[in-house]
Structures are given as structure tokens and as C-alpha cells.
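Quick notes on the structure that follows.
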Amino acid sequence: MVTAWGARFMGRQLPCAIGRGGLTREKREGDGATPIGVHAIVGMLYRPDRIAAESLPRWAEPIGPQDLWSDDSADPDYNQRVRAPHGFSHERLSRADPLYDLVLITNWNWPNAIPGAGSAIFLHRWRRPRYPTAGCVAFAPADLLWIAQRLTPATRLVIRG
């Protein structure tokens with residue numbers, strides 16, 4: 001569960017950061033807000049050059065320089081993982097900074113995305129403690145790894161307003 005002050009997972013309280021636009025019930029692409037609701041964790045991506053595969057569940061998927069995430073409402077693959085080269089606006093998953101070294105993907109507006117309703121609500125590493133995101137939920141690196149190692153198919157991200 002995530003509130004404006006932190007998260008709780010398996011009985012632990014974990015500090016986290018939310019979007020610079022706060023929490024919202026009316027998510028829109030680019031608003032910087034974190035959507036209120038219950039979101040399934042539907043995937044896990046990681047940088048194999050920075051995180052050992054053995055430290056993650058077997059279903060975690062490696063990412064490389066060609067991996068992107070579409071954030072363009074006009075793209076037929078909006079809010080989907082895509083590969084470079086890609087002619088629409090996107091986020092690079094393999095970043096120079098460590099933000100996306102480990103990414104938990106939520107089912108926000110996925111798999112059948114509504115154009116403009118927001119893309120890529122991830123759980124990822126924070127820039128620094130409690131520093132706002134573009135709408136994702138961010139954790140300390142050790143806390144994010146701890147969560148990733150304990151996920152089950154029933155794990156949900158609950159964001160309360």
C-alpha cells in the first residue's frame with residue numbers, strides 16, 4: 001500500500017516517493033501525478049550489467065540499449081515496451097543513471113491502453129530520498145530489491161489518496 005508518506009509491504013514500512021503532481025483519480029499523460037487505485041504488478045525488468053539475475057525472480061526480464069517504453073498517445077504501441085528504433089515518443093529503459101536498473105511494471109492503463117490516460121507507472125529506484133517522480137513510485141535501491149525478491153502473483157500496489 002502506498003500513501004503520501006510511505007509504503008507498507010509484508011509488514012514493513014518503507015519510505016517512497018510519488019509523482020511531482022501528487023496523487024490523482026484523473027490520471028493524464030504528462031501530468032506528473034501518481035494514480036490512486038489498486039494496480040497489479042505485471043512485470044519486472046532489470047539491467048543485467050548492473051544487477052545479478054540470480055538476485056531476482058526467474059521471471060524478471062533483462063533490458064538492454066534497444067529497449068524503450070512508448071509514451072506517445074498517437075503510437076499504436078502506446079504504453080507498451082518497444083524496441084529502438086521507434087518513430088514515436090518514448091522513454092529509454094536502459095538509462096545512463098540507475099533509476100531503471102530494476103523496474104516493476106504495474107498494469108496502469110495496460111495492456112489495452114486508452115490514449116492520453118497515462119503510461120508507465122513503474123516502481124523504480126529513487127533519485128534521492130523522497131524526491132518526486134514523473135508519476136511512478138520510487139524506493140531506496142535496497143528496499144526496491146527487497147520488494148522484488150518477495151513478489152507473488154497476488155502482489156498489488158494500492159495507492160490511497
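The way I read the labels, and the way they are meant: chains A, B, ... in the order of the C-alpha cells, residue 1 as the first residue of every chain, and ligand 1 as the first ligand shown, with later ones counted on from there.
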Sorted by chain and rising residue number, which residues of range 48-144 of chain A lie within 7 Å of range 12-28 of chain A, and what are their closest atom pairs and distances in Å to one decimal, counting only C-alpha atoms, as CSV?
residue,atom,partner,partner_atom,distance
A:Gly116,CA,A:Arg28,CA,5.7
A:Ala117,CA,A:Arg28,CA,4.6
A:Gly118,CA,A:Arg28,CA,4.9
A:Arg130,CA,A:Ala17,CA,4.4
A:Tyr131,CA,A:Ala17,CA,5.9
A:Pro132,CA,A:Arg20,CA,4.8
A:Thr133,CA,A:Gly19,CA,4.4
A:Ala134,CA,A:Gly19,CA,5.0
A:Gly135,CA,A:Gly19,CA,3.8
A:Cys136,CA,A:Gly19,CA,5.9
A:Val137,CA,A:Ile18,CA,4.8
A:Ala138,CA,A:Ala17,CA,5.0
A:Phe139,CA,A:Cys16,CA,4.7
Written file, previous selection with N, CA and C atoms, as a PDB file, in the first residue's frame:
ATOM      1  N   GLY A 116      -3.686   8.829 -23.924  1.00  0.00           N
ATOM      2  CA  GLY A 116      -3.704  10.014 -23.080  1.00  0.00           C
ATOM      3  C   GLY A 116      -3.991   9.764 -21.616  1.00  0.00           C
ATOM      4  N   ALA A 117      -4.336   8.519 -21.252  1.00  0.00           N
ATOM      5  CA  ALA A 117      -4.692   8.216 -19.859  1.00  0.00           C
ATOM      6  C   ALA A 117      -3.475   7.899 -18.996  1.00  0.00           C
ATOM      7  N   GLY A 118      -2.294   8.082 -19.528  1.00  0.00           N
ATOM      8  CA  GLY A 118      -1.075   7.881 -18.750  1.00  0.00           C
ATOM      9  C   GLY A 118      -0.394   6.574 -19.064  1.00  0.00           C
ATOM     10  N   ARG A 130      12.828  10.517  -1.184  1.00  0.00           N
ATOM     11  CA  ARG A 130      11.556  11.228  -1.338  1.00  0.00           C
ATOM     12  C   ARG A 130      11.517  12.240  -2.487  1.00  0.00           C
ATOM     13  N   TYR A 131      12.498  12.242  -3.355  1.00  0.00           N
ATOM     14  CA  TYR A 131      12.497  13.156  -4.499  1.00  0.00           C
ATOM     15  C   TYR A 131      11.383  12.737  -5.454  1.00  0.00           C
ATOM     16  N   PRO A 132      10.508  13.669  -5.856  1.00  0.00           N
ATOM     17  CA  PRO A 132       9.347  13.314  -6.687  1.00  0.00           C
ATOM     18  C   PRO A 132       9.721  12.678  -8.024  1.00  0.00           C
ATOM     19  N   THR A 133       8.794  11.868  -8.512  1.00  0.00           N
ATOM     20  CA  THR A 133       8.941  11.185  -9.799  1.00  0.00           C
ATOM     21  C   THR A 133       8.060  11.876 -10.838  1.00  0.00           C
ATOM     22  N   ALA A 134       7.997  11.301 -12.029  1.00  0.00           N
ATOM     23  CA  ALA A 134       7.103  11.784 -13.085  1.00  0.00           C
ATOM     24  C   ALA A 134       5.732  11.119 -12.991  1.00  0.00           C
ATOM     25  N   GLY A 135       5.478  10.390 -11.898  1.00  0.00           N
ATOM     26  CA  GLY A 135       4.194   9.712 -11.702  1.00  0.00           C
ATOM     27  C   GLY A 135       4.360   8.302 -11.145  1.00  0.00           C
ATOM     28  N   CYS A 136       5.560   7.794 -11.213  1.00  0.00           N
ATOM     29  CA  CYS A 136       5.853   6.453 -10.693  1.00  0.00           C
ATOM     30  C   CYS A 136       5.971   6.490  -9.171  1.00  0.00           C
ATOM     31  N   VAL A 137       6.223   5.333  -8.589  1.00  0.00           N
ATOM     32  CA  VAL A 137       6.501   5.218  -7.165  1.00  0.00           C
ATOM     33  C   VAL A 137       7.952   4.759  -7.056  1.00  0.00           C
ATOM     34  N   ALA A 138       8.756   5.501  -6.292  1.00  0.00           N
ATOM     35  CA  ALA A 138      10.190   5.220  -6.210  1.00  0.00           C
ATOM     36  C   ALA A 138      10.605   4.889  -4.780  1.00  0.00           C
ATOM     37  N   PHE A 139      11.573   3.992  -4.689  1.00  0.00           N
ATOM     38  CA  PHE A 139      12.058   3.487  -3.405  1.00  0.00           C
ATOM     39  C   PHE A 139      13.580   3.559  -3.338  1.00  0.00           C
TER      40      PHE A 139
END
Range 84-86 of chain A environment, 9 Å, only C-alpha atoms, sequence neighbours closer than 5 positions dropped, as a PDB file with C-alpha atoms, in the first residue's frame:
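Saved the output as out27.pdb:
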ATOM      1  CA  PRO A  65      20.110  -0.414 -25.065  1.00  0.00           C
ATOM      2  CA  GLN A  66      17.337  -1.064 -27.615  1.00  0.00           C
ATOM      3  CA  ASP A  67      14.539  -1.354 -25.028  1.00  0.00           C
ATOM      4  CA  LEU A  68      12.108   1.562 -24.800  1.00  0.00           C
ATOM      5  CA  SER A  70       6.185   4.209 -25.586  1.00  0.00           C
ATOM      6  CA  ARG A  92      14.676   4.707 -22.803  1.00  0.00           C
TER       7      ARG A  92
END
Pick out the residues sitting within 12 Å of Thr155 in chain A, and hand them over as a PDB file with N, CA and C atoms, in the first residue's frame; count only C-alpha atoms, and ignore anything fewer than 3 positions along from it in its own chain.
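Output contents, as saved in out-v2.pdb:
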ATOM      1  N   MET A   1       0.843  -1.175   0.000  1.00  0.00           N
ATOM      2  CA  MET A   1       0.000   0.000   0.000  1.00  0.00           C
ATOM      3  C   MET A   1       0.882   1.229   0.000  1.00  0.00           C
ATOM      4  N   ARG A   8       3.825   0.169   2.644  1.00  0.00           N
ATOM      5  CA  ARG A   8       3.854  -0.979   3.549  1.00  0.00           C
ATOM      6  C   ARG A   8       3.855  -2.231   2.676  1.00  0.00           C
ATOM      7  N   PHE A   9       4.782  -3.137   2.972  1.00  0.00           N
ATOM      8  CA  PHE A   9       4.854  -4.385   2.230  1.00  0.00           C
ATOM      9  C   PHE A   9       5.321  -5.467   3.186  1.00  0.00           C
ATOM     10  N   MET A  10       4.548  -6.546   3.270  1.00  0.00           N
ATOM     11  CA  MET A  10       4.864  -7.678   4.133  1.00  0.00           C
ATOM     12  C   MET A  10       5.193  -7.224   5.564  1.00  0.00           C
ATOM     13  N   VAL A  38      -5.841   0.385  -7.188  1.00  0.00           N
ATOM     14  CA  VAL A  38      -5.188  -0.899  -6.948  1.00  0.00           C
ATOM     15  C   VAL A  38      -4.597  -1.352  -8.280  1.00  0.00           C
ATOM     16  N   HIS A  39      -3.309  -1.576  -8.282  1.00  0.00           N
ATOM     17  CA  HIS A  39      -2.587  -1.900  -9.515  1.00  0.00           C
ATOM     18  C   HIS A  39      -1.825  -3.210  -9.343  1.00  0.00           C
ATOM     19  N   ALA A  40      -2.003  -4.126 -10.267  1.00  0.00           N
ATOM     20  CA  ALA A  40      -1.251  -5.378 -10.253  1.00  0.00           C
ATOM     21  C   ALA A  40       0.185  -5.115 -10.702  1.00  0.00           C
ATOM     22  N   ILE A  41       1.105  -5.913 -10.188  1.00  0.00           N
ATOM     23  CA  ILE A  41       2.483  -5.896 -10.687  1.00  0.00           C
ATOM     24  C   ILE A  41       2.526  -6.958 -11.788  1.00  0.00           C
ATOM     25  N   VAL A  42       2.755  -6.514 -13.031  1.00  0.00           N
ATOM     26  CA  VAL A  42       2.641  -7.417 -14.180  1.00  0.00           C
ATOM     27  C   VAL A  42       3.975  -7.760 -14.836  1.00  0.00           C
ATOM     28  N   GLY A  43       5.049  -7.175 -14.356  1.00  0.00           N
ATOM     29  CA  GLY A  43       6.345  -7.478 -14.947  1.00  0.00           C
ATOM     30  C   GLY A  43       7.484  -6.904 -14.137  1.00  0.00           C
ATOM     31  N   LEU A 104       9.642  -2.489 -11.635  1.00  0.00           N
ATOM     32  CA  LEU A 104       8.446  -3.311 -11.504  1.00  0.00           C
ATOM     33  C   LEU A 104       7.350  -2.604 -12.285  1.00  0.00           C
ATOM     34  N   ILE A 105       6.725  -3.306 -13.204  1.00  0.00           N
ATOM     35  CA  ILE A 105       5.727  -2.722 -14.094  1.00  0.00           C
ATOM     36  C   ILE A 105       4.339  -2.952 -13.504  1.00  0.00           C
ATOM     37  N   THR A 106       3.534  -1.896 -13.448  1.00  0.00           N
ATOM     38  CA  THR A 106       2.149  -2.053 -12.997  1.00  0.00           C
ATOM     39  C   THR A 106       1.237  -2.167 -14.211  1.00  0.00           C
ATOM     40  N   ASN A 107      -0.001  -2.536 -13.950  1.00  0.00           N
ATOM     41  CA  ASN A 107      -0.967  -2.660 -15.040  1.00  0.00           C
ATOM     42  C   ASN A 107      -1.746  -1.362 -15.268  1.00  0.00           C
ATOM     43  N   ILE A 147      11.594  -5.764  -2.087  1.00  0.00           N
ATOM     44  CA  ILE A 147      10.238  -5.977  -2.595  1.00  0.00           C
ATOM     45  C   ILE A 147      10.264  -6.954  -3.771  1.00  0.00           C
ATOM     46  N   ALA A 148      11.149  -6.702  -4.738  1.00  0.00           N
ATOM     47  CA  ALA A 148      11.224  -7.528  -5.954  1.00  0.00           C
ATOM     48  C   ALA A 148      11.464  -8.997  -5.617  1.00  0.00           C
ATOM     49  N   GLN A 149      12.259  -9.258  -4.619  1.00  0.00           N
ATOM     50  CA  GLN A 149      12.587 -10.635  -4.249  1.00  0.00           C
ATOM     51  C   GLN A 149      11.427 -11.352  -3.563  1.00  0.00           C
ATOM     52  N   ARG A 150      10.401 -10.613  -3.159  1.00  0.00           N
ATOM     53  CA  ARG A 150       9.298 -11.207  -2.410  1.00  0.00           C
ATOM     54  C   ARG A 150       7.944 -11.134  -3.120  1.00  0.00           C
ATOM     55  N   LEU A 151       7.929 -10.689  -4.341  1.00  0.00           N
ATOM     56  CA  LEU A 151       6.673 -10.569  -5.077  1.00  0.00           C
ATOM     57  C   LEU A 151       6.040 -11.930  -5.307  1.00  0.00           C
ATOM     58  N   THR A 152       4.722 -11.940  -5.310  1.00  0.00           N
ATOM     59  CA  THR A 152       3.963 -13.131  -5.687  1.00  0.00           C
ATOM     60  C   THR A 152       2.966 -12.703  -6.762  1.00  0.00           C
ATOM     61  N   VAL A 158      -1.292  -0.704  -3.940  1.00  0.00           N
ATOM     62  CA  VAL A 158      -2.501   0.021  -3.560  1.00  0.00           C
ATOM     63  C   VAL A 158      -2.098   1.445  -3.234  1.00  0.00           C
TER      64      VAL A 158
END
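In this model, the gap between CA of Glu29 in chain A and CA of Arg160 in chain A comes to 19.8 Å.
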**Asked** Which of these, A:Phe122, A:Phe88, A:Trp146, A:Tyr100, has the shortest distance to Ala74 in chain A once you count only C-alpha atoms?
**Response** A:Phe88
**Item:** Residue contacts of Ala60 in chain A (6 Å, only C-alpha atoms) excluding same-chain residues fewer than 3 positions away, as a list of chain:residue names
**Value:** A:Met44, A:Leu45, A:Pro57
**Message:** Show me, as a VMD selection string, the residues that have an atom within 6 Å of range 46-50 of chain A when counting only C-alpha atoms, minus same-chain residues fewer than 4 positions from it.
**Reply:** chain A and resid 62 to 63 101 to 102
**Request:** Enumerate, as number ranges by chain, the complete set of residues in chain A that a backbone-based DSSP assignment places in strand (DSSP E).
**Result:** A: 7-9, 12-14, 16-17, 23-24, 34-35, 37-46, 61-62, 67-70, 81-83, 90-92, 102-106, 122-125, 137-139, 156-159
**Counting only C-alpha atoms, the residue of A:Ser89, A:Glu54, A:Ile36, A:Trp110 that sits nearest Ser73 in chain A** =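 Residue with the minimum atom-to-atom distance to Ser73 in chain A: A:Ser89.
One distance worth recording is that between CA of Leu144 in chain A and CA of Trp126 in chain A, which is 9.3 Å.
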**Message:** With DSSP run on the backbone, what are the helix (DSSP H, G or I) residues within chain A? I'd like them as a PyMOL selection string.
**Reply:** chain A and resi 53-55+141-148
Go ahead and save the residues from that selection, with N, CA and C atoms, as a tab-separated table (two decimals), in the first residue's frame.
chain	number	residue	atom	x	y	z
A	53	ALA	N	21.21	-11.51	-12.20
A	53	ALA	CA	19.95	-12.23	-12.43
A	53	ALA	C	19.62	-13.15	-11.26
A	54	GLU	N	20.63	-13.72	-10.62
A	54	GLU	CA	20.42	-14.65	-9.51
A	54	GLU	C	19.76	-13.99	-8.30
A	55	SER	N	19.82	-12.66	-8.22
A	55	SER	CA	19.22	-11.95	-7.08
A	55	SER	C	17.74	-11.64	-7.29
A	141	PRO	N	17.13	1.93	-3.25
A	141	PRO	CA	17.52	0.74	-4.02
A	141	PRO	C	17.39	-0.57	-3.23
A	142	ALA	N	17.83	-0.59	-1.98
A	142	ALA	CA	17.76	-1.82	-1.18
A	142	ALA	C	16.32	-2.23	-0.93
A	143	ASP	N	15.43	-1.25	-0.69
A	143	ASP	CA	14.02	-1.56	-0.46
A	143	ASP	C	13.35	-2.09	-1.72
A	144	LEU	N	13.67	-1.51	-2.86
A	144	LEU	CA	13.10	-1.97	-4.13
A	144	LEU	C	13.52	-3.42	-4.40
A	145	LEU	N	14.79	-3.73	-4.18
A	145	LEU	CA	15.26	-5.10	-4.38
A	145	LEU	C	14.57	-6.04	-3.40
A	146	TRP	N	14.41	-5.62	-2.16
A	146	TRP	CA	13.75	-6.44	-1.14
A	146	TRP	C	12.31	-6.76	-1.58
A	147	ILE	N	11.59	-5.76	-2.09
A	147	ILE	CA	10.24	-5.98	-2.59
A	147	ILE	C	10.26	-6.95	-3.77
A	148	ALA	N	11.15	-6.70	-4.74
A	148	ALA	CA	11.22	-7.53	-5.95
A	148	ALA	C	11.46	-9.00	-5.62
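Counting only C-alpha atoms, the residue from A:Arg127, A:Arg95, A:Ala113, A:Ser119 that sits nearest to Ala33 in chain A is A:Ser119.
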**Message:** From the options A:Ile114, A:Trp59, A:Trp108, A:Ile51, which residue's atoms come nearest to Ile159 in chain A, counting only C-alpha atoms?
**Reply:**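 The closest residue to Ile159 in chain A is A:Trp108.
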**Request:** Work out how far CA of Arg156 in chain A is from CA of Asp75 in chain A, in Å to one decimal.
**Result:**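 According to the coordinates, CA of Asp75 in chain A and CA of Arg156 in chain A are separated by 27.7 Å.
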**Message:** From the options A:Pro129, A:Pro111, A:Gly32, A:Gly64, which residue's atoms come nearest to Gln80 in chain A, counting only C-alpha atoms?
**Reply:** A:Pro111
**Complete:** Min atom-atom distance to Pro98 in chain A from the set A:Ala154, A:Trp69, A:Pro35, A:Arg125, counting only C-alpha atoms, belongs to A:Arg125
